[in-house]
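Asks: query_35.csv (CSV, C-alpha atoms and all ligand atoms) pasted underneath:
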chain,number,residue,atom,x,y,z
K,1,MET,CA,-5.1,0.0,-4.6
K,2,ILE,CA,-5.5,2.0,-1.4
K,3,LEU,CA,-3.0,1.4,1.4
K,4,LEU,CA,-5.7,0.0,3.7
K,5,THR,CA,-6.4,-2.9,1.2
K,6,HIS,CA,-2.6,-3.5,0.9
K,7,ALA,CA,-2.2,-3.5,4.7
K,8,VAL,CA,-5.0,-6.1,5.1
K,9,ILE,CA,-3.5,-8.3,2.4
K,10,GLY,CA,-0.1,-7.9,4.1
K,11,SER,CA,-1.6,-8.9,7.4
K,12,VAL,CA,-3.1,-12.0,5.9
K,13,VAL,CA,0.2,-12.9,4.3
K,14,ALA,CA,1.9,-12.3,7.8
K,15,SER,CA,-0.6,-14.7,9.4
K,16,ALA,CA,0.6,-17.5,7.1
K,17,SER,CA,4.3,-16.6,7.3
K,18,PRO,CA,6.9,-18.3,9.6
K,19,ASN,CA,8.8,-15.0,10.4
K,20,PRO,CA,8.8,-11.2,9.9
K,21,LEU,CA,11.2,-11.3,7.0
K,22,ALA,CA,9.2,-13.9,5.0
K,23,ALA,CA,6.0,-11.9,5.9
K,24,PHE,CA,7.7,-8.7,4.5
K,25,PHE,CA,8.9,-10.4,1.3
K,26,PHE,CA,5.7,-12.2,0.5
K,27,ALA,CA,3.5,-9.2,1.3
K,28,TRP,CA,5.8,-7.1,-1.0
K,29,ILE,CA,5.1,-9.6,-3.8
K,30,GLY,CA,1.4,-9.6,-2.9
K,31,HIS,CA,1.2,-5.9,-3.4
K,32,TYR,CA,2.1,-6.3,-7.1
K,33,CYS,CA,-0.5,-9.1,-7.5
K,34,ALA,CA,-3.2,-7.0,-5.9
K,35,ASP,CA,-2.4,-4.0,-8.1
K,36,ALA,CA,-2.8,-6.2,-11.2
K,37,VAL,CA,-6.6,-6.5,-10.3
K,38,PRO,CA,-8.6,-3.7,-11.8
K,39,HIS,CA,-9.6,-1.2,-9.0
K,40,TRP,CA,-10.3,2.4,-8.1
K,41,ASP,CA,-7.7,4.7,-6.6
K,42,TYR,CA,-8.2,8.1,-4.9
K,43,SER,CA,-6.6,11.1,-6.7
K,44,ILE,CA,-3.2,12.4,-5.6
K,45,LYS,CA,-3.1,14.8,-8.5
K,46,ASN,CA,-1.0,17.5,-6.7
K,47,LEU,CA,1.7,15.0,-5.9
K,48,MET,CA,1.5,13.5,-9.4
K,49,ALA,CA,1.8,17.0,-10.9
K,50,LYS,CA,5.0,17.6,-8.9
K,51,ALA,CA,6.4,14.2,-10.0
K,52,GLU,CA,5.6,14.9,-13.6
K,53,SER,CA,7.3,18.3,-13.3
K,54,GLY,CA,10.5,16.3,-12.6
K,55,LYS,CA,11.2,18.1,-9.3
K,56,SER,CA,12.9,16.1,-6.6
K,57,GLY,CA,13.7,16.7,-3.0
K,58,LEU,CA,11.3,16.8,0.0
K,59,SER,CA,10.5,20.5,-0.3
K,60,ALA,CA,9.1,20.0,-3.8
K,61,TYR,CA,6.5,17.6,-2.4
K,62,ILE,CA,5.6,18.9,1.1
K,63,ASN,CA,3.8,22.2,0.7
K,64,LYS,CA,0.2,23.6,0.9
K,65,ASN,CA,-0.7,22.2,-2.6
K,66,THR,CA,0.2,18.7,-1.7
K,67,ALA,CA,-1.1,18.8,1.9
K,68,THR,CA,-4.5,17.3,0.9
K,69,ASP,CA,-2.9,14.4,-0.9
K,70,LEU,CA,-0.5,13.8,1.9
K,71,LEU,CA,-3.4,13.9,4.4
K,72,LYS,CA,-5.3,11.3,2.3
K,73,ILE,CA,-2.3,9.0,2.2
K,74,THR,CA,-1.6,9.4,5.9
K,75,ALA,CA,-5.2,8.7,6.8
K,76,ASP,CA,-5.3,5.7,4.5
K,77,PHE,CA,-2.1,4.2,5.9
K,78,ALA,CA,-3.1,5.0,9.5
K,79,GLY,CA,-6.5,3.3,8.9
K,80,GLY,CA,-4.8,0.2,7.5
K,81,VAL,CA,-2.4,0.0,10.5
K,82,PHE,CA,-5.2,0.6,13.0
K,83,LEU,CA,-7.5,-2.0,11.3
K,84,THR,CA,-5.0,-4.7,11.0
K,85,PHE,CA,-3.5,-4.3,14.5
K,86,SER,CA,-6.9,-4.1,16.1
K,87,LEU,CA,-8.2,-7.2,14.3
K,88,PHE,CA,-5.0,-9.2,14.5
K,89,SER,CA,-4.4,-8.1,18.2
K,90,PRO,CA,-0.8,-9.3,18.3
K,91,THR,CA,0.5,-10.4,21.7
K,92,GLY,CA,4.2,-10.1,22.3
K,93,SER,CA,7.0,-8.7,20.2
K,94,ALA,CA,7.2,-11.8,17.9
K,95,GLU,CA,3.6,-11.3,16.7
K,96,ILE,CA,4.0,-7.5,16.5
K,97,PHE,CA,7.1,-7.9,14.3
K,98,LEU,CA,5.4,-10.5,12.2
K,99,LEU,CA,2.4,-8.3,11.5
K,100,ALA,CA,4.5,-5.2,11.0
K,101,GLY,CA,6.6,-7.2,8.4
K,102,GLY,CA,3.4,-8.0,6.5
K,103,VAL,CA,1.9,-4.6,6.7
K,104,ILE,CA,5.2,-2.8,5.8
K,105,GLY,CA,5.9,-5.2,2.9
K,106,GLY,CA,2.3,-4.8,1.8
K,107,VAL,CA,2.5,-1.1,1.4
K,108,LEU,CA,6.2,-0.8,0.4
K,109,PRO,CA,5.9,-0.4,-3.4
K,110,ASP,CA,3.6,2.7,-3.0
K,111,PHE,CA,6.1,4.3,-0.5
K,112,LEU,CA,8.9,3.4,-2.9
K,113,LEU,CA,7.1,5.4,-5.5
K,114,PHE,CA,7.0,8.4,-3.2
K,115,LEU,CA,10.7,7.9,-2.3
K,116,GLU,CA,11.5,7.7,-6.0
K,117,TRP,CA,10.0,11.1,-6.5
K,118,ILE,CA,11.9,12.6,-3.6
K,119,PHE,CA,15.2,10.8,-4.1
K,120,PRO,CA,15.4,9.7,-7.7
K,121,ASN,CA,17.9,6.8,-8.3
K,122,PRO,CA,18.2,3.9,-10.6
K,123,ILE,CA,17.1,1.2,-8.0
K,124,PHE,CA,13.9,3.0,-7.1
K,125,ARG,CA,13.2,3.8,-10.7
K,126,ARG,CA,13.6,0.1,-11.7
K,127,LEU,CA,11.2,-1.0,-9.0
K,128,GLU,CA,8.7,1.7,-9.9
K,129,LYS,CA,8.9,0.7,-13.6
K,130,PHE,CA,8.0,-2.9,-12.5
K,131,HIS,CA,5.3,-1.6,-10.2
K,132,ALA,CA,3.8,0.5,-13.1
K,133,SER,CA,4.1,-2.4,-15.6
K,134,ILE,CA,2.1,-4.8,-13.4
K,135,HIS,CA,-0.4,-2.3,-12.2
K,136,SER,CA,-3.9,-2.7,-13.9
K,137,LYS,CA,-4.3,-0.3,-16.7
K,138,ILE,CA,-8.1,-0.3,-16.3
K,139,LYS,CA,-9.1,2.9,-14.5
K,140,MET,CA,-12.3,2.1,-12.6
K,141,ALA,CA,-14.7,4.7,-11.5
K,142,GLY,CA,-15.5,5.2,-7.8
K,143,PHE,CA,-18.4,3.6,-5.9
K,144,PRO,CA,-19.7,0.9,-6.3
K,145,LEU,CA,-17.9,-0.9,-9.1
K,146,GLY,CA,-14.4,0.6,-8.5
K,147,TRP,CA,-14.7,-0.3,-4.8
K,148,ALA,CA,-16.0,-3.8,-5.4
K,149,THR,CA,-12.6,-5.5,-5.9
K,150,GLN,CA,-11.1,-3.8,-2.9
K,151,ILE,CA,-14.2,-4.5,-0.7
K,152,PHE,CA,-14.0,-8.1,-1.7
K,153,LEU,CA,-10.3,-8.4,-0.9
K,154,ILE,CA,-10.7,-6.6,2.4
K,155,ALA,CA,-13.7,-8.8,3.4
K,156,ALA,CA,-11.8,-12.0,2.3
K,157,GLY,CA,-8.8,-10.8,4.3
K,158,LEU,CA,-10.8,-9.9,7.4
K,159,THR,CA,-12.6,-13.3,7.2
K,160,ILE,CA,-9.2,-15.1,7.1
K,161,ILE,CA,-7.9,-13.1,10.0
K,162,PHE,CA,-11.1,-13.6,12.0
K,163,PHE,CA,-11.1,-17.4,11.6
K,164,ARG,CA,-7.3,-18.0,11.7
U,201,ZN,ZN,0.8,-0.1,-5.7
Translate this structure into structure tokens?
Ligand SMILES: [Zn+2]
Replies:
Amino acid sequence: MILLTHAVIGSVVASASPNPLAAFFFAWIGHYCADAVPHWDYSIKNLMAKAESGKSGLSAYINKNTATDLLKITADFAGGVFLTFSLFSPTGSAEIFLLAGGVIGGVLPDFLLFLEWIFPNPIFRRLEKFHASIHSKIKMAGFPLGWATQIFLIAAGLTIIFFR
């Protein structure tokens, strides 16, 4: 699922969590549950090609071929942070940390995937294996069917945030 959807789910988890650590942990678990639902994902084929070539290190991933993919990911993540922080409107550091815990935990498995490509190691590899095993194997096309599950999750999440 796109990072924006994971960020919204993470923020909902945060709104029901007693502290930032719990928000982080439950949102992290929530990421895997959300990925198990069939959905559409945007293409990051340049980054995937680098990963499949077995190259590691930051320089293998950050170059002009991967710039579009990195831009998509950055815009997606920034959109998720902007949306959740504007809707949640946290007041004070306790609420900011709580929301940040949920949003960071919510997107963590996808960032771990990127970190695994750059810094391959057994822990990241194990986590990524689990991530891949639970991720839906149904590749949905784009609009409207592929977006439906994510639009539903975002709408449900925003409704919960709005009426909390
Ligand atoms: Zn994921």
Asks: CA of Leu4 (chain K) to CA of Gly79 (chain K): how many Å, to one decimal?
Replies: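 Atom-to-atom, CA of Leu4 (chain K) to CA of Gly79 (chain K), that is 6.2 Å.
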Asks: Using only C-alpha atoms, determine which residues lie at most 9 Å from region 57-64 of chain K, disregarding the query and same-chain residues fewer than 5 positions distant; provide the list as an MDAnalysis selection string.
Replies: chainID K and resid 46:47 50:51 70 117:120
Asks: Go through the chains and note each residue within 7 Å of ligand ZN 201 (chain U), using all atoms listed in the file, then give the set as a PyMOL selection string.
Replies: chain K and resi 1+31-32+35+109-110+131+135
Asks: Compile the contact shell of Ala100 (chain K) as a list of chain:residue names: residues with an atom at most 9 Å away, counting all atoms listed in the file, same-chain residues fewer than 3 positions apart removed.
Replies: K:Gly10, K:Ser11, K:Ala14, K:Pro20, K:Ala23, K:Phe24, K:Val81, K:Phe85, K:Glu95, K:Ile96, K:Phe97, K:Val103, K:Ile104, K:Gly105
Asks: List the spatial neighbours of region 141-149 of chain K as a PyMOL selection string - criterion: any atom at most 7 Å away, all atoms listed in the file, same-chain residues fewer than 4 positions off excluded.
Replies: chain K and resi 39-40+153
Asks: CA of Thr66 (chain K) and CA of Cys33 (chain K) are how many Å apart?
Replies: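 Interatomic distance here is 28.4 Å.
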Asks: Please put the answer as lines of an AutoDock Vina configuration file: centre and edge lengths, in Å with one decimal, of a box along x, y and z that encloses all listed atoms of region 149-157 of chain K plus 6 Å on each side.
Replies:
center_x = -11.5
center_y = -7.9
center_z = -0.8
size_x = 17.4
size_y = 20.2
size_z = 22.2
Asks: Using CA of Leu127 (chain K) and CA of Val37 (chain K) as the two end points, give the distance in Å to one decimal.
Replies: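 Spanning CA of Leu127 (chain K) to CA of Val37 (chain K) is a straight-line distance of 18.7 Å.
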Asks: So which residues touch Ser15 (chain K) within 9 Å, counting all atoms listed in the file, skipping near sequence neighbours fewer than 4 positions away, as a ChimeraX atom specification?
Replies: /K:10-11,23,88,98-99,102,160-161,164
Asks: Between K:Ser43, K:Ser93, K:Ala36, K:Ser17, which is the closest to Phe130 (chain K) once you count all atoms listed in the file?
Replies: K:Ala36
Asks: May I have the residues within 9 Å of Leu3 (chain K) as a short mmCIF file (atom, residue, chain, number, x, y, z; two decimals) with C-alpha atoms, keeping the file's coordinate frame, using all atoms listed in the file and disregarding those fewer than 2 positions away in the same chain?
Replies:
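Written output follows (result02.cif):
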data_model
loop_
_atom_site.label_atom_id
_atom_site.label_comp_id
_atom_site.auth_asym_id
_atom_site.auth_seq_id
_atom_site.Cartn_x
_atom_site.Cartn_y
_atom_site.Cartn_z
CA MET K 1 -5.10 0.00 -4.60
CA THR K 5 -6.40 -2.90 1.20
CA HIS K 6 -2.60 -3.50 0.90
CA ALA K 7 -2.20 -3.50 4.70
CA VAL K 8 -5.00 -6.10 5.10
CA ILE K 73 -2.30 9.00 2.20
CA ASP K 76 -5.30 5.70 4.50
CA PHE K 77 -2.10 4.20 5.90
CA ALA K 78 -3.10 5.00 9.50
CA GLY K 79 -6.50 3.30 8.90
CA GLY K 80 -4.80 0.20 7.50
CA GLY K 106 2.30 -4.80 1.80
CA VAL K 107 2.50 -1.10 1.40
CA ASP K 110 3.60 2.70 -3.00
#
Asks: Considering all atoms listed in the file, can you say which of K:Leu87, K:Ala27, K:Ile134, K:Leu71 comes closest to Phe163 (chain K)?
Replies: K:Leu87
Asks: Which of these, K:Arg125, K:Glu52, K:Ile44, K:Phe82, has the shortest distance to Asn65 (chain K) once you count only C-alpha atoms?
Replies: K:Ile44
Asks: Can you work out which one of K:Phe162, K:Asp41, K:Ile29, K:Ala22 has the shortest atom-to-atom distance to Ser89 (chain K), counting all atoms listed in the file?
Replies: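 For Ser89 (chain K), the nearest of the candidates is K:Phe162.
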Asks: Kindly complete region 115-147 of chain K to N, CA and C atoms; the output should be written as a tab-separated table (two decimals), keeping the file's coordinate frame.
Replies:
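Contents of the output file part-v5.tsv:
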chain	number	residue	atom	x	y	z
K	115	LEU	N	9.24	7.72	-2.52
K	115	LEU	CA	10.70	7.90	-2.30
K	115	LEU	C	11.41	8.17	-3.62
K	116	GLU	N	10.92	7.52	-4.68
K	116	GLU	CA	11.50	7.70	-6.00
K	116	GLU	C	11.37	9.14	-6.48
K	117	TRP	N	10.22	9.74	-6.14
K	117	TRP	CA	10.00	11.10	-6.50
K	117	TRP	C	10.94	12.05	-5.75
K	118	ILE	N	11.13	11.75	-4.45
K	118	ILE	CA	11.90	12.60	-3.60
K	118	ILE	C	13.44	12.42	-3.84
K	119	PHE	N	13.81	11.13	-3.87
K	119	PHE	CA	15.20	10.80	-4.10
K	119	PHE	C	15.39	9.93	-5.32
K	120	PRO	N	15.33	10.52	-6.51
K	120	PRO	CA	15.40	9.70	-7.70
K	120	PRO	C	16.73	8.94	-7.80
K	121	ASN	N	16.66	7.66	-8.06
K	121	ASN	CA	17.90	6.80	-8.30
K	121	ASN	C	17.49	5.61	-9.06
K	122	PRO	N	18.48	4.96	-9.69
K	122	PRO	CA	18.20	3.90	-10.60
K	122	PRO	C	17.45	2.67	-9.97
K	123	ILE	N	17.73	2.37	-8.69
K	123	ILE	CA	17.10	1.20	-8.00
K	123	ILE	C	15.59	1.48	-7.86
K	124	PHE	N	15.26	2.64	-7.26
K	124	PHE	CA	13.90	3.00	-7.10
K	124	PHE	C	13.14	3.09	-8.42
K	125	ARG	N	13.84	3.65	-9.43
K	125	ARG	CA	13.20	3.80	-10.70
K	125	ARG	C	12.88	2.45	-11.36
K	126	ARG	N	13.80	1.49	-11.22
K	126	ARG	CA	13.60	0.10	-11.70
K	126	ARG	C	12.37	-0.51	-11.06
K	127	LEU	N	12.34	-0.39	-9.72
K	127	LEU	CA	11.20	-1.00	-9.00
K	127	LEU	C	9.91	-0.32	-9.35
K	128	GLU	N	9.94	1.00	-9.56
K	128	GLU	CA	8.70	1.70	-9.90
K	128	GLU	C	8.27	1.34	-11.33
K	129	LYS	N	9.22	1.10	-12.23
K	129	LYS	CA	8.90	0.70	-13.60
K	129	LYS	C	8.15	-0.66	-13.55
K	130	PHE	N	8.66	-1.57	-12.70
K	130	PHE	CA	8.00	-2.90	-12.50
K	130	PHE	C	6.64	-2.73	-11.95
K	131	HIS	N	6.55	-1.88	-10.91
K	131	HIS	CA	5.30	-1.60	-10.20
K	131	HIS	C	4.24	-1.09	-11.26
K	132	ALA	N	4.66	-0.12	-12.08
K	132	ALA	CA	3.80	0.50	-13.10
K	132	ALA	C	3.38	-0.54	-14.15
K	133	SER	N	4.33	-1.41	-14.52
K	133	SER	CA	4.10	-2.40	-15.60
K	133	SER	C	3.05	-3.41	-15.19
K	134	ILE	N	3.06	-3.79	-13.91
K	134	ILE	CA	2.10	-4.80	-13.40
K	134	ILE	C	0.80	-4.26	-12.98
K	135	HIS	N	0.78	-2.94	-12.69
K	135	HIS	CA	-0.40	-2.30	-12.20
K	135	HIS	C	-1.52	-2.31	-13.29
K	136	SER	N	-2.75	-2.63	-12.90
K	136	SER	CA	-3.90	-2.70	-13.90
K	136	SER	C	-3.99	-1.37	-14.62
K	137	LYS	N	-4.19	-1.47	-15.91
K	137	LYS	CA	-4.30	-0.30	-16.70
K	137	LYS	C	-5.78	0.18	-16.82
K	138	ILE	N	-6.67	-0.64	-16.24
K	138	ILE	CA	-8.10	-0.30	-16.30
K	138	ILE	C	-8.39	0.68	-15.13
K	139	LYS	N	-8.78	1.89	-15.51
K	139	LYS	CA	-9.10	2.90	-14.50
K	139	LYS	C	-10.58	2.77	-14.16
K	140	MET	N	-10.88	2.27	-12.97
K	140	MET	CA	-12.30	2.10	-12.60
K	140	MET	C	-12.80	3.33	-11.89
K	141	ALA	N	-14.09	3.60	-12.12
K	141	ALA	CA	-14.70	4.70	-11.50
K	141	ALA	C	-14.89	4.42	-9.98
K	142	GLY	N	-15.37	5.37	-9.21
K	142	GLY	CA	-15.50	5.20	-7.80
K	142	GLY	C	-16.54	4.17	-7.36
K	143	PHE	N	-17.43	4.55	-6.46
K	143	PHE	CA	-18.40	3.60	-5.90
K	143	PHE	C	-19.51	3.31	-6.94
K	144	PRO	N	-20.07	2.11	-7.07
K	144	PRO	CA	-19.70	0.90	-6.30
K	144	PRO	C	-18.69	0.01	-7.04
K	145	LEU	N	-18.65	0.11	-8.40
K	145	LEU	CA	-17.90	-0.90	-9.10
K	145	LEU	C	-16.36	-0.80	-8.82
K	146	GLY	N	-15.82	0.43	-8.76
K	146	GLY	CA	-14.40	0.60	-8.50
K	146	GLY	C	-13.99	0.11	-7.12
K	147	TRP	N	-14.95	0.14	-6.19
K	147	TRP	CA	-14.70	-0.30	-4.80
K	147	TRP	C	-14.82	-1.79	-4.66
